[in-house]
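What follows is protein_24.txt (compact mmCIF, C-alpha atoms).
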# COMPACT_ATOMS: atom_id res chain seq x y z
CA MET A 1 -24.37 9.31 2.00
CA ASP A 2 -25.15 8.87 5.69
CA TYR A 3 -26.89 5.52 5.23
CA LYS A 4 -28.10 5.19 8.79
CA LYS A 5 -29.71 8.64 8.77
CA ARG A 6 -31.20 8.09 5.34
CA SER A 7 -32.57 4.69 6.37
CA GLN A 8 -34.48 6.46 9.13
CA GLU A 9 -35.94 8.89 6.58
CA VAL A 10 -36.98 6.62 3.71
CA LEU A 11 -37.29 2.98 4.84
CA TRP A 12 -40.08 1.06 6.55
CA LEU A 13 -38.58 -2.21 7.82
CA PRO A 14 -40.49 -5.50 8.28
CA PHE A 15 -41.54 -6.65 11.74
CA THR A 16 -39.93 -3.49 13.09
CA GLN A 17 -41.32 -0.66 15.18
CA MET A 18 -39.48 2.14 13.43
CA LYS A 19 -39.50 4.30 16.56
CA VAL A 20 -37.39 1.59 18.20
CA TYR A 21 -35.15 1.23 15.12
CA ASP A 22 -34.46 4.96 15.17
CA GLU A 23 -32.87 4.60 18.61
CA GLU A 24 -30.09 2.31 17.31
CA PRO A 25 -30.14 2.08 13.50
CA ILE A 26 -27.88 -0.37 11.72
CA VAL A 27 -27.09 -0.70 8.01
CA ILE A 28 -25.30 -3.76 6.64
CA GLU A 29 -22.61 -3.06 4.07
CA SER A 30 -21.17 -6.49 3.27
CA GLY A 31 -20.83 -10.08 4.36
CA LYS A 32 -18.34 -12.93 4.14
CA GLY A 33 -18.81 -16.44 5.43
CA ILE A 34 -21.01 -16.37 8.52
CA LYS A 35 -20.23 -12.72 9.36
CA LEU A 36 -21.82 -9.41 8.43
CA ARG A 37 -20.21 -5.97 8.39
CA ASP A 38 -22.08 -2.70 8.93
CA THR A 39 -21.38 0.78 7.58
CA ASP A 40 -19.42 1.65 10.72
CA GLY A 41 -17.01 -1.24 10.12
CA ASN A 42 -18.38 -3.44 12.93
CA GLU A 43 -18.47 -7.19 12.30
CA TYR A 44 -21.17 -9.53 13.59
CA TYR A 45 -21.85 -13.24 13.57
CA ASP A 46 -25.00 -13.82 11.52
CA ALA A 47 -26.54 -15.99 14.22
CA ASN A 48 -30.00 -16.18 12.68
CA SER A 49 -28.81 -16.75 9.09
CA SER A 50 -30.40 -13.49 7.92
CA VAL A 51 -33.85 -14.70 9.02
CA TRP A 52 -33.08 -18.41 8.84
CA LEU A 53 -32.21 -18.65 5.16
CA ASN A 54 -28.44 -18.44 4.66
CA ALA A 55 -26.95 -21.89 4.26
CA LEU A 56 -23.43 -21.68 2.82
CA GLY A 57 -22.40 -18.24 4.02
CA HIS A 58 -22.30 -14.81 2.46
CA HIS A 59 -20.29 -13.99 -0.64
CA ASN A 60 -19.86 -17.62 -1.62
CA ASN A 61 -17.80 -17.59 -4.81
CA GLU A 62 -19.44 -20.68 -6.30
CA LEU A 63 -22.96 -19.37 -5.76
CA ASN A 64 -21.89 -15.96 -7.10
CA GLN A 65 -20.56 -17.60 -10.26
CA ALA A 66 -23.75 -19.57 -10.83
CA ILE A 67 -25.69 -16.32 -11.05
CA ILE A 68 -23.06 -14.72 -13.30
CA ASP A 69 -23.12 -17.72 -15.63
CA GLN A 70 -26.91 -17.58 -15.88
CA LEU A 71 -26.80 -13.83 -16.62
CA ASP A 72 -24.81 -14.68 -19.73
CA GLN A 73 -27.89 -16.58 -20.95
CA ILE A 74 -30.98 -14.73 -19.68
CA ALA A 75 -32.12 -13.18 -16.40
CA HIS A 76 -35.83 -13.91 -16.66
CA SER A 77 -38.61 -14.99 -18.94
CA SER A 78 -42.22 -15.73 -18.10
CA THR A 79 -43.32 -19.21 -17.11
CA LEU A 80 -46.94 -18.50 -17.98
CA GLY A 81 -47.45 -21.14 -20.66
CA MET A 82 -43.74 -21.82 -21.16
CA ALA A 83 -40.81 -23.31 -19.25
CA ASN A 84 -37.10 -22.47 -19.05
CA ILE A 85 -33.97 -24.58 -18.68
CA PRO A 86 -33.04 -23.79 -15.03
CA ALA A 87 -36.67 -24.23 -13.89
CA VAL A 88 -36.90 -27.64 -15.56
CA THR A 89 -33.47 -28.75 -14.33
CA LEU A 90 -34.15 -27.68 -10.75
CA ALA A 91 -37.60 -29.32 -10.71
CA ASP A 92 -36.02 -32.55 -11.96
CA LYS A 93 -33.42 -32.35 -9.19
CA LEU A 94 -36.03 -31.65 -6.51
CA VAL A 95 -38.22 -34.57 -7.55
CA GLN A 96 -35.17 -36.84 -7.32
CA LEU A 97 -34.30 -35.52 -3.84
CA MET A 98 -37.79 -35.78 -2.42
CA PRO A 99 -39.51 -38.98 -1.27
CA THR A 100 -41.87 -40.72 -3.68
CA GLY A 101 -45.18 -38.90 -3.59
CA LEU A 102 -43.85 -35.40 -4.17
CA ASP A 103 -43.74 -35.41 -7.94
CA ARG A 104 -44.65 -31.95 -9.24
CA VAL A 105 -43.09 -28.53 -8.55
CA PHE A 106 -44.90 -25.18 -8.61
CA TYR A 107 -42.56 -22.20 -8.17
CA SER A 108 -43.14 -18.94 -6.31
CA ASP A 109 -41.04 -16.31 -4.57
CA SER A 110 -41.50 -16.64 -0.80
CA GLY A 111 -42.61 -19.01 1.91
CA ALA A 112 -45.92 -17.25 2.42
CA THR A 113 -46.80 -17.52 -1.26
CA ALA A 114 -45.76 -21.18 -1.27
CA VAL A 115 -48.25 -21.75 1.57
CA GLU A 116 -50.95 -19.71 -0.21
CA ILE A 117 -50.50 -21.92 -3.27
CA ALA A 118 -50.69 -25.04 -1.12
CA MET A 119 -53.96 -23.83 0.38
CA LYS A 120 -55.47 -23.02 -3.01
CA ILE A 121 -54.43 -26.43 -4.31
CA ALA A 122 -55.95 -28.20 -1.29
CA PHE A 123 -59.18 -26.22 -1.59
CA GLN A 124 -59.53 -26.70 -5.35
CA TYR A 125 -58.45 -30.33 -5.35
CA TRP A 126 -61.63 -31.41 -3.62
CA LEU A 127 -63.80 -29.26 -5.90
CA ASN A 128 -62.07 -30.70 -8.97
CA THR A 129 -62.81 -34.21 -7.72
CA GLY A 130 -66.48 -33.45 -7.14
CA ILE A 131 -66.43 -32.92 -3.35
CA THR A 132 -67.89 -29.52 -2.51
CA THR A 133 -68.10 -29.59 1.30
CA LYS A 134 -64.38 -29.47 2.14
CA LYS A 135 -63.62 -25.75 2.45
CA ARG A 136 -61.91 -25.24 5.81
CA PHE A 137 -58.45 -25.88 7.27
CA ILE A 138 -56.95 -27.08 10.52
CA THR A 139 -53.93 -25.20 11.81
CA MET A 140 -51.80 -25.78 14.87
CA GLN A 141 -52.02 -23.53 17.90
CA ASN A 142 -49.37 -20.79 17.63
CA GLY A 143 -48.66 -21.82 14.05
CA TYR A 144 -47.05 -19.35 11.66
CA HIS A 145 -47.09 -19.65 7.89
CA GLY A 146 -46.43 -16.15 6.58
CA ASP A 147 -48.00 -12.73 6.35
CA THR A 148 -50.27 -12.78 3.32
CA ILE A 149 -54.00 -12.99 4.05
CA GLY A 150 -54.35 -16.71 3.40
CA ALA A 151 -51.17 -17.60 5.27
CA MET A 152 -52.27 -15.49 8.23
CA SER A 153 -55.66 -17.19 8.18
CA VAL A 154 -53.98 -20.51 8.94
CA GLY A 155 -51.70 -18.85 11.48
CA ASP A 156 -52.41 -18.54 15.19
CA ILE A 157 -50.05 -16.04 16.81
CA ASP A 158 -52.01 -13.16 18.29
CA VAL A 159 -49.20 -10.62 18.26
CA TYR A 160 -48.88 -11.03 14.48
CA HIS A 161 -52.41 -11.85 13.42
CA LYS A 162 -55.02 -10.50 15.85
CA ILE A 163 -55.18 -6.97 14.46
CA TYR A 164 -56.02 -8.37 11.00
CA GLU A 165 -58.66 -10.78 12.28
CA PRO A 166 -61.57 -9.09 10.43
CA LEU A 167 -59.75 -9.80 7.14
CA LEU A 168 -59.11 -13.49 7.82
CA PHE A 169 -61.20 -16.60 7.21
CA GLN A 170 -61.85 -18.84 10.17
CA ASN A 171 -60.38 -22.32 10.66
CA PHE A 172 -60.11 -25.04 13.25
CA VAL A 173 -57.19 -24.76 15.67
CA ALA A 174 -55.63 -27.92 17.08
CA PRO A 175 -53.27 -27.93 20.09
CA TYR A 176 -49.56 -28.13 19.40
CA PRO A 177 -47.47 -30.29 21.77
CA ASN A 178 -45.45 -27.79 23.80
CA VAL A 179 -43.87 -30.16 26.31
CA TYR A 180 -42.17 -27.44 28.37
CA HIS A 181 -45.46 -25.67 29.08
CA HIS A 182 -47.81 -28.68 29.08
CA GLU A 183 -49.28 -29.49 32.46
CA SER A 184 -47.61 -32.91 32.47
CA HIS A 185 -44.14 -31.77 31.30
CA ASP A 186 -43.97 -35.26 29.81
CA ALA A 187 -43.28 -35.75 26.10
CA GLU A 188 -45.39 -38.88 25.63
CA LYS A 189 -48.39 -37.54 27.58
CA THR A 190 -48.19 -34.23 25.76
CA LYS A 191 -48.09 -35.96 22.39
CA GLN A 192 -51.03 -38.24 23.13
CA ASP A 193 -53.11 -35.40 24.57
CA CYS A 194 -52.65 -33.28 21.45
CA LEU A 195 -53.26 -36.16 19.04
CA GLU A 196 -56.48 -37.06 20.84
CA LYS A 197 -57.74 -33.48 20.62
CA LEU A 198 -56.79 -33.30 16.95
CA GLU A 199 -58.68 -36.51 16.26
CA ASN A 200 -61.74 -35.11 18.03
CA ILE A 201 -61.75 -32.20 15.57
CA LEU A 202 -61.26 -34.49 12.59
CA ARG A 203 -63.90 -36.95 13.74
CA ALA A 204 -66.49 -34.19 14.05
CA HIS A 205 -65.59 -32.05 11.04
CA HIS A 206 -63.56 -34.07 8.51
CA ASP A 207 -66.27 -33.72 5.90
CA GLU A 208 -65.71 -29.93 5.84
CA ILE A 209 -61.90 -29.90 6.22
CA CYS A 210 -59.81 -29.78 3.05
CA GLY A 211 -56.35 -29.57 4.58
CA LEU A 212 -54.20 -29.34 7.69
CA THR A 213 -51.15 -27.07 7.91
CA ILE A 214 -48.23 -27.93 10.13
CA GLU A 215 -44.59 -26.93 10.68
CA PRO A 216 -42.76 -30.28 10.95
CA LEU A 217 -40.58 -30.96 14.01
CA MET A 218 -40.36 -27.36 15.20
CA GLN A 219 -42.60 -24.30 15.22
CA GLY A 220 -40.39 -21.34 14.38
CA ALA A 221 -42.07 -18.01 15.06
CA ALA A 222 -43.93 -19.44 18.05
CA GLY A 223 -40.63 -19.59 19.91
CA MET A 224 -38.77 -22.60 18.49
CA ILE A 225 -41.15 -25.18 19.97
CA ASP A 226 -39.97 -28.71 19.16
CA MET A 227 -42.55 -31.46 18.90
CA PRO A 228 -42.07 -34.81 20.66
CA HIS A 229 -41.04 -37.74 18.49
CA GLY A 230 -43.99 -39.50 16.91
CA PHE A 231 -46.34 -36.52 16.83
CA LEU A 232 -45.70 -35.73 13.17
CA SER A 233 -46.26 -39.33 12.07
CA GLY A 234 -49.37 -39.37 14.26
CA VAL A 235 -50.72 -36.32 12.42
CA ARG A 236 -49.94 -37.99 9.09
CA ALA A 237 -51.90 -41.08 10.13
CA LEU A 238 -54.90 -39.03 11.23
CA CYS A 239 -54.96 -37.02 8.01
CA SER A 240 -54.98 -40.27 6.03
CA LYS A 241 -57.64 -41.81 8.25
CA TYR A 242 -60.02 -38.86 7.86
CA ASN A 243 -59.22 -38.05 4.22
CA VAL A 244 -57.69 -34.62 4.83
CA LEU A 245 -54.70 -33.29 2.89
CA MET A 246 -51.59 -32.81 5.02
CA ILE A 247 -49.71 -29.60 4.14
CA ALA A 248 -46.16 -29.53 5.50
CA ASP A 249 -44.77 -26.01 5.81
CA GLU A 250 -41.03 -26.71 5.58
CA VAL A 251 -40.13 -23.12 4.75
CA ALA A 252 -38.07 -22.72 7.93
CA VAL A 253 -37.05 -26.32 8.59
CA GLY A 254 -36.39 -27.61 5.08
CA PHE A 255 -33.17 -27.95 3.06
CA GLY A 256 -30.82 -29.00 5.80
CA ARG A 257 -31.72 -26.91 8.84
CA THR A 258 -32.63 -30.05 10.80
CA GLY A 259 -29.88 -32.25 9.32
CA LYS A 260 -32.03 -33.71 6.53
CA ILE A 261 -33.34 -32.25 3.28
CA LEU A 262 -36.83 -32.37 4.79
CA ALA A 263 -37.74 -32.30 8.46
CA CYS A 264 -40.54 -34.76 7.61
CA ALA A 265 -37.85 -37.31 6.74
CA HIS A 266 -36.96 -37.70 10.42
CA GLU A 267 -40.21 -39.66 10.83
CA ASN A 268 -40.48 -40.96 7.25
CA VAL A 269 -43.55 -38.80 6.70
CA VAL A 270 -44.61 -37.83 3.18
CA PRO A 271 -47.05 -34.89 3.16
CA ASP A 272 -49.68 -34.53 0.45
CA ILE A 273 -48.45 -31.00 -0.21
CA LEU A 274 -45.08 -29.48 0.64
CA ALA A 275 -44.24 -25.77 0.90
CA ALA A 276 -40.57 -24.81 1.15
CA GLY A 277 -38.17 -21.99 0.39
CA LYS A 278 -35.70 -19.96 2.47
CA MET A 279 -32.48 -22.03 2.21
CA LEU A 280 -33.31 -23.43 -1.22
CA THR A 281 -31.13 -20.77 -2.88
CA GLY A 282 -28.61 -20.64 -0.04
CA GLY A 283 -30.07 -17.30 1.00
CA TYR A 284 -29.23 -15.61 -2.29
CA LEU A 285 -32.48 -14.98 -4.17
CA PRO A 286 -36.21 -15.23 -3.40
CA LEU A 287 -37.45 -18.61 -4.60
CA ALA A 288 -39.99 -20.99 -3.07
CA ILE A 289 -41.66 -24.21 -4.08
CA THR A 290 -44.95 -26.01 -3.57
CA MET A 291 -44.76 -29.73 -4.36
CA VAL A 292 -47.61 -32.21 -4.71
CA SER A 293 -48.21 -35.82 -5.67
CA GLU A 294 -48.97 -36.83 -9.24
CA ALA A 295 -52.46 -37.79 -8.10
CA ILE A 296 -53.20 -34.26 -6.87
CA TYR A 297 -51.69 -32.80 -10.05
CA LYS A 298 -53.94 -35.03 -12.18
CA ALA A 299 -57.03 -33.57 -10.51
CA PHE A 300 -56.18 -30.28 -12.24
CA TYR A 301 -55.32 -31.86 -15.62
CA ASP A 302 -58.27 -31.65 -18.03
CA ASP A 303 -59.69 -29.80 -21.01
CA TYR A 304 -59.60 -26.04 -20.50
CA ASP A 305 -63.37 -25.62 -20.58
CA GLU A 306 -63.66 -27.92 -17.55
CA MET A 307 -62.11 -25.00 -15.57
CA LYS A 308 -59.86 -27.16 -13.44
CA THR A 309 -56.76 -25.02 -14.06
CA LEU A 310 -54.87 -23.74 -11.02
CA PHE A 311 -55.29 -20.00 -11.52
CA HIS A 312 -52.23 -18.79 -9.66
CA GLY A 313 -48.93 -17.24 -10.68
CA HIS A 314 -46.35 -14.55 -10.07
CA SER A 315 -44.40 -12.39 -12.47
CA TYR A 316 -41.11 -13.98 -11.40
CA THR A 317 -42.38 -17.56 -11.10
CA GLY A 318 -39.56 -19.94 -12.07
CA ASN A 319 -37.04 -17.11 -12.41
CA GLN A 320 -33.87 -18.38 -14.08
CA LEU A 321 -31.42 -16.67 -11.73
CA GLY A 322 -33.13 -18.09 -8.64
CA CYS A 323 -33.36 -21.58 -10.11
CA ALA A 324 -29.71 -21.48 -11.26
CA VAL A 325 -28.36 -20.52 -7.85
CA ALA A 326 -30.66 -23.07 -6.15
CA LEU A 327 -29.22 -25.79 -8.37
CA LYS A 328 -25.69 -24.80 -7.46
CA ASN A 329 -26.65 -24.60 -3.78
CA LEU A 330 -27.95 -28.19 -3.82
CA GLU A 331 -24.84 -29.30 -5.70
CA LEU A 332 -22.64 -27.74 -3.01
CA TYR A 333 -24.67 -29.52 -0.29
CA GLU A 334 -23.46 -32.78 -1.80
CA LYS A 335 -19.94 -31.57 -2.59
CA TYR A 336 -19.26 -30.36 0.95
CA ARG A 337 -21.41 -32.95 2.78
CA ILE A 338 -23.46 -30.21 4.41
CA LEU A 339 -26.16 -32.47 5.85
CA GLU A 340 -23.58 -34.78 7.41
CA ASN A 341 -21.76 -31.80 8.92
CA VAL A 342 -24.98 -30.42 10.39
CA LYS A 343 -25.76 -33.76 12.03
CA GLU A 344 -22.27 -33.98 13.52
CA ASN A 345 -21.95 -30.36 14.61
CA ALA A 346 -25.48 -30.31 16.04
CA VAL A 347 -24.32 -32.78 18.69
CA TYR A 348 -21.43 -30.46 19.58
CA MET A 349 -23.84 -27.52 19.60
CA HIS A 350 -26.16 -29.38 21.97
CA ASN A 351 -23.35 -30.00 24.42
CA GLU A 352 -22.20 -26.38 24.32
CA LEU A 353 -25.75 -25.11 24.84
CA GLN A 354 -26.07 -26.97 28.14
CA GLN A 355 -23.96 -24.31 29.88
CA LEU A 356 -26.81 -21.84 29.37
CA TYR A 357 -28.83 -23.71 31.98
CA ASP A 358 -26.35 -22.31 34.53
CA LEU A 359 -28.11 -18.97 34.09
CA LYS A 360 -31.11 -18.59 36.39
CA VAL A 361 -33.29 -17.06 33.67
CA VAL A 362 -32.78 -19.81 31.07
CA GLY A 363 -35.75 -22.11 31.45
CA ASP A 364 -35.54 -24.25 28.34
CA VAL A 365 -33.18 -24.78 25.42
CA ARG A 366 -34.86 -26.44 22.44
CA GLN A 367 -32.88 -27.72 19.48
CA VAL A 368 -33.38 -29.56 16.22
CA GLY A 369 -30.22 -29.56 14.11
CA TYR A 370 -29.06 -25.98 13.57
CA MET A 371 -32.35 -24.60 14.88
CA VAL A 372 -32.37 -23.46 18.51
CA GLY A 373 -34.66 -21.56 20.84
CA ILE A 374 -33.48 -20.34 24.27
CA GLU A 375 -36.47 -19.46 26.44
CA LEU A 376 -35.93 -16.93 29.22
CA VAL A 377 -38.18 -17.17 32.27
CA ARG A 378 -38.73 -15.17 35.45
CA ASN A 379 -38.97 -18.27 37.62
CA LYS A 380 -37.23 -21.43 36.40
CA GLU A 381 -38.84 -23.77 38.94
CA LYS A 382 -42.39 -22.60 38.18
CA ARG A 383 -41.69 -21.99 34.48
CA GLN A 384 -43.15 -18.51 34.81
CA SER A 385 -42.67 -16.01 32.02
CA PHE A 386 -41.46 -12.44 32.32
CA ASP A 387 -43.83 -9.52 31.96
CA PRO A 388 -43.86 -8.98 28.16
CA ASP A 389 -43.37 -5.23 28.69
CA LEU A 390 -39.88 -5.92 30.04
CA ARG A 391 -38.80 -7.29 26.62
CA VAL A 392 -36.04 -9.30 28.27
CA ALA A 393 -34.99 -11.35 25.24
CA TRP A 394 -34.97 -8.27 23.02
CA ARG A 395 -32.69 -6.48 25.47
CA ALA A 396 -30.44 -9.53 25.51
CA THR A 397 -30.13 -9.50 21.71
CA LEU A 398 -29.16 -5.81 21.82
CA ALA A 399 -26.41 -6.70 24.28
CA MET A 400 -25.30 -9.47 21.90
CA ARG A 401 -25.15 -6.98 19.04
CA LYS A 402 -22.65 -4.91 21.00
CA LEU A 403 -20.62 -8.09 21.51
CA GLY A 404 -20.58 -8.88 17.79
CA LEU A 405 -23.57 -11.14 17.15
CA LEU A 406 -26.90 -10.52 15.42
CA THR A 407 -30.09 -12.44 16.10
CA ARG A 408 -33.73 -11.68 16.93
CA PRO A 409 -36.00 -12.67 19.79
CA LEU A 410 -39.34 -14.44 19.51
CA GLY A 411 -41.16 -13.14 22.55
CA ASP A 412 -38.86 -14.16 25.39
CA THR A 413 -37.15 -16.84 23.33
CA ILE A 414 -33.81 -16.09 21.69
CA ALA A 415 -33.50 -17.63 18.24
CA PHE A 416 -30.16 -19.16 17.30
CA LEU A 417 -29.96 -20.47 13.73
CA PRO A 418 -26.45 -20.10 12.32
CA PRO A 419 -25.59 -20.76 8.65
CA LEU A 420 -25.10 -24.45 7.95
CA ILE A 421 -21.37 -23.98 7.33
CA ALA A 422 -20.76 -22.78 10.89
CA THR A 423 -17.85 -24.73 12.39
CA LYS A 424 -17.53 -26.08 15.92
CA GLU A 425 -15.23 -23.22 16.88
CA GLU A 426 -17.65 -20.63 15.48
CA ILE A 427 -20.54 -22.32 17.28
CA LYS A 428 -18.56 -22.19 20.53
CA GLN A 429 -17.84 -18.47 20.09
CA MET A 430 -21.44 -17.63 19.24
CA ILE A 431 -22.83 -19.49 22.25
CA ALA A 432 -20.30 -17.69 24.48
CA ILE A 433 -21.61 -14.34 23.20
CA ILE A 434 -25.22 -15.42 23.70
CA LYS A 435 -24.42 -16.39 27.28
CA GLU A 436 -22.66 -13.09 27.95
CA GLY A 437 -25.54 -11.13 26.42
CA ILE A 438 -28.06 -12.84 28.71
CA GLN A 439 -25.78 -12.25 31.73
CA THR A 440 -25.52 -8.56 30.84
CA VAL A 441 -29.29 -8.14 30.90
CA MET A 442 -29.57 -10.10 34.14
CA GLU A 443 -27.13 -7.67 35.76
CA GLU A 444 -29.02 -4.66 34.35
CA MET A 445 -32.29 -5.98 35.76
CA ASN A 446 -30.73 -6.60 39.17
CA HIS A 447 -29.58 -2.97 39.26
CA GLU A 448 -33.05 -1.80 38.22
CA GLU A 449 -34.57 -3.64 41.14

Can the structure in the file be given as structure tokens, please?
Amino acid sequence: MDYKKRSQEVLWLPFTQMKVYDEEPIVIESGKGIKLRDTDGNEYYDANSSVWLNALGHHNNELNQAIIDQLDQIAHSSTLGMANIPAVTLADKLVQLMPTGLDRVFYSDSGATAVEIAMKIAFQYWLNTGITTKKRFITMQNGYHGDTIGAMSVGDIDVYHKIYEPLLFQNFVAPYPNVYHHESHDAEKTKQDCLEKLENILRAHHDEICGLTIEPLMQGAAGMIDMPHGFLSGVRALCSKYNVLMIADEVAVGFGRTGKILACAHENVVPDILAAGKMLTGGYLPLAITMVSEAIYKAFYDDYDEMKTLFHGHSYTGNQLGCAVALKNLELYEKYRILENVKENAVYMHNELQQLYDLKVVGDVRQVGYMVGIELVRNKEKRQSFDPDLRVAWRATLAMRKLGLLTRPLGDTIAFLPPLIATKEEIKQMIAIIKEGIQTVMEEMNHEE
């Protein structure tokens, strides 16, 4: 079969304008370690971890075996009214890993659904406790939490959400501290400005706000925007002060991406509700979690006729294969000291990334652990963006593909999120390709002028 031709005839790819895909189709055939191979035999560094979720590399023998071993028992049984061994074992492990205050695990199959569940829990929690006025949410400016209707409703990225606006419910939007583009360009002033504006919203509307959604430490889809230290703990304090549930969306940043199991741990913050997924299974199978405190769980625990049940579920909730490979993934984190390696190698990565500032179009390089955004700008001194129609970062990633590296742009920011097993030498090689890809586009644009 001509897979590339057939992909153009039968597939509809996510977040992809298929007319653009048809110009340069690509079909992945296999993967090993941090590299992917396409049907033409070309190899590429997987520099965005297959959309930020691969942790221990492709074709990991130990993760493969965990799935095989579980298949010898059972592939799936319903968790509607019954549990299964891998789901119980994984939940027990997760509760042990998490800080005190995240005591119950609700399974789903993707980050968006984990956020949807968190929202339904936050909304119903107040009703179950007799408070009927709290029905709205606060989200952060340029926040992204997934593509289902509820998750989009607490999102704030026009390019993704605006067309669906008539379908969405309205919420309060609080400013997110983007230091690079804040008028002060000062981390402390930016933080205080945003916390003050958030408190103004809470002071005026806390009696109608059930929850606040936030991506801890770094907004992903917004362009890898890192928050200044102290902002997250400031948000936690305000949520507590005004009796609003804090929902931490750790789908992108959780399970080691920032060098800790949770990004919230960097500021010793414990959210009321946690949504996570992506790297939980090492990038093998779709599995996500929503975790809450025992106190929140107890608000749903009553006689059936009180109608306090959380009416939510998915056919594959608590799937045994997903839970089994997640357990093995977490075991391998400990066995190979993955978090310690990320912390160490992130320092090396930071130093290597500094060379990108030599390029006149690189305005800002933002990094938290193995999570990096490289923002390209038309004018570095004035921090002016390119005309979006030029699609500069997208063109740069196409140049990188030809050099043997795959990643995706976020507007004019290049995302760089390698698998957590990436070594210093592999990091060095990937950054060299990223630099060359940007230089290639700079030269093309100079010729166009």

Rows by chain and residue number, segment 220-247 of chain A within 10 Å of segment 121-142 of chain A, shortest pair, only C-alpha atoms, as CSV:
residue,atom,partner,partner_atom,distance
A:Gly220,CA,A:Asn142,CA,9.6
A:Ala221,CA,A:Asn142,CA,8.2
A:Ala222,CA,A:Asn142,CA,5.6
A:Gly223,CA,A:Asn142,CA,9.1
A:Ile225,CA,A:Asn142,CA,9.6
A:Val244,CA,A:Lys134,CA,8.9
A:Leu245,CA,A:Ala122,CA,6.7
A:Met246,CA,A:Ala122,CA,8.9
A:Ile247,CA,A:Ala122,CA,8.4

Test item: residues at most 6 Å from segment 61-67 of chain A, only C-alpha atoms, excluding those fewer than 2 positions along its chain, as a PyMOL selection string: chain A and resi 69-70+321+325

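Using all atoms listed in the file, the shortest contact distance between Gly111 of chain A and any of A:Leu280, A:Val392, A:Ile296, A:Leu405 is found at A:Leu280.
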
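From atom CA of Gly369 of chain A back to atom CA of Tyr348 of chain A, the distance works out to 10.4 Å.
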
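Among the candidate residues A:Thr79, A:Asn341, A:Thr440, A:Asn42, the one lying nearest to Val361 of chain A is A:Thr440, with distances computed using all atoms listed in the file.
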
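Using all atoms listed in the file for every distance, the candidate list A:Ala118, A:Ala415, A:Ile34, A:Ile26 yields A:Ala118 as the residue closest to Tyr297 of chain A.
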
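Taking only C-alpha atoms, the non-local environment of Leu232 of chain A within 9 Å (same-chain residues fewer than 3 positions away omitted) comprises Ile214, Pro216, Leu217, Met227, Pro228, His229, Val235, Arg236, Ala237, Cys264, Glu267 and Val269 of chain A.
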
If we count all atoms listed in the file and set the cut-off at 10 Å, which residues sit around Gly146 of chain A, ignoring sequence neighbours fewer than 3 positions away in its own chain? Please answer as a VMD selection string. chain A and resid 110 to 116 143 149 to 155 160 221 251

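If you measure from each of A:Thr213, A:Asn268, A:Thr148, A:Ser78 to Thr100 of chain A using all atoms listed in the file, the closest one turns out to be A:Asn268.
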
Atom pair atom CA of Gln17 of chain A + atom CA of Arg408 of chain A, distance 13.5 Å

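Between Leu398 of chain A and the candidates A:Ile434, A:Leu339, A:Ala326, A:Leu376, the tightest atom-to-atom separation, counting only C-alpha atoms, involves A:Ile434.
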
Show me, as a ChimeraX atom specification, the residues that have an atom within 8 Å of Phe106 of chain A when counting all atoms listed in the file, minus same-chain residues fewer than 4 positions from it. /A:289-291

Just C-alpha atoms for this one: save the residues we selected as an mmCIF file, in the frame of the given file.
data_model
loop_
_atom_site.group_PDB
_atom_site.id
_atom_site.type_symbol
_atom_site.label_atom_id
_atom_site.label_comp_id
_atom_site.auth_asym_id
_atom_site.auth_seq_id
_atom_site.Cartn_x
_atom_site.Cartn_y
_atom_site.Cartn_z
ATOM 1 C CA ILE A 289 -41.660 -24.210 -4.080
ATOM 2 C CA THR A 290 -44.950 -26.010 -3.570
ATOM 3 C CA MET A 291 -44.760 -29.730 -4.360
#

Could you give me, as a ChimeraX atom specification, the residues within 10 Å of Arg203 of chain A, counting all atoms listed in the file and dropping anything in the same chain fewer than 6 positions from it? /A:197,238,241-242

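Between Ile438 of chain A and the candidates A:Trp394, A:Tyr21, A:Trp12, A:Tyr44, the tightest atom-to-atom separation, counting all atoms listed in the file, involves A:Trp394.
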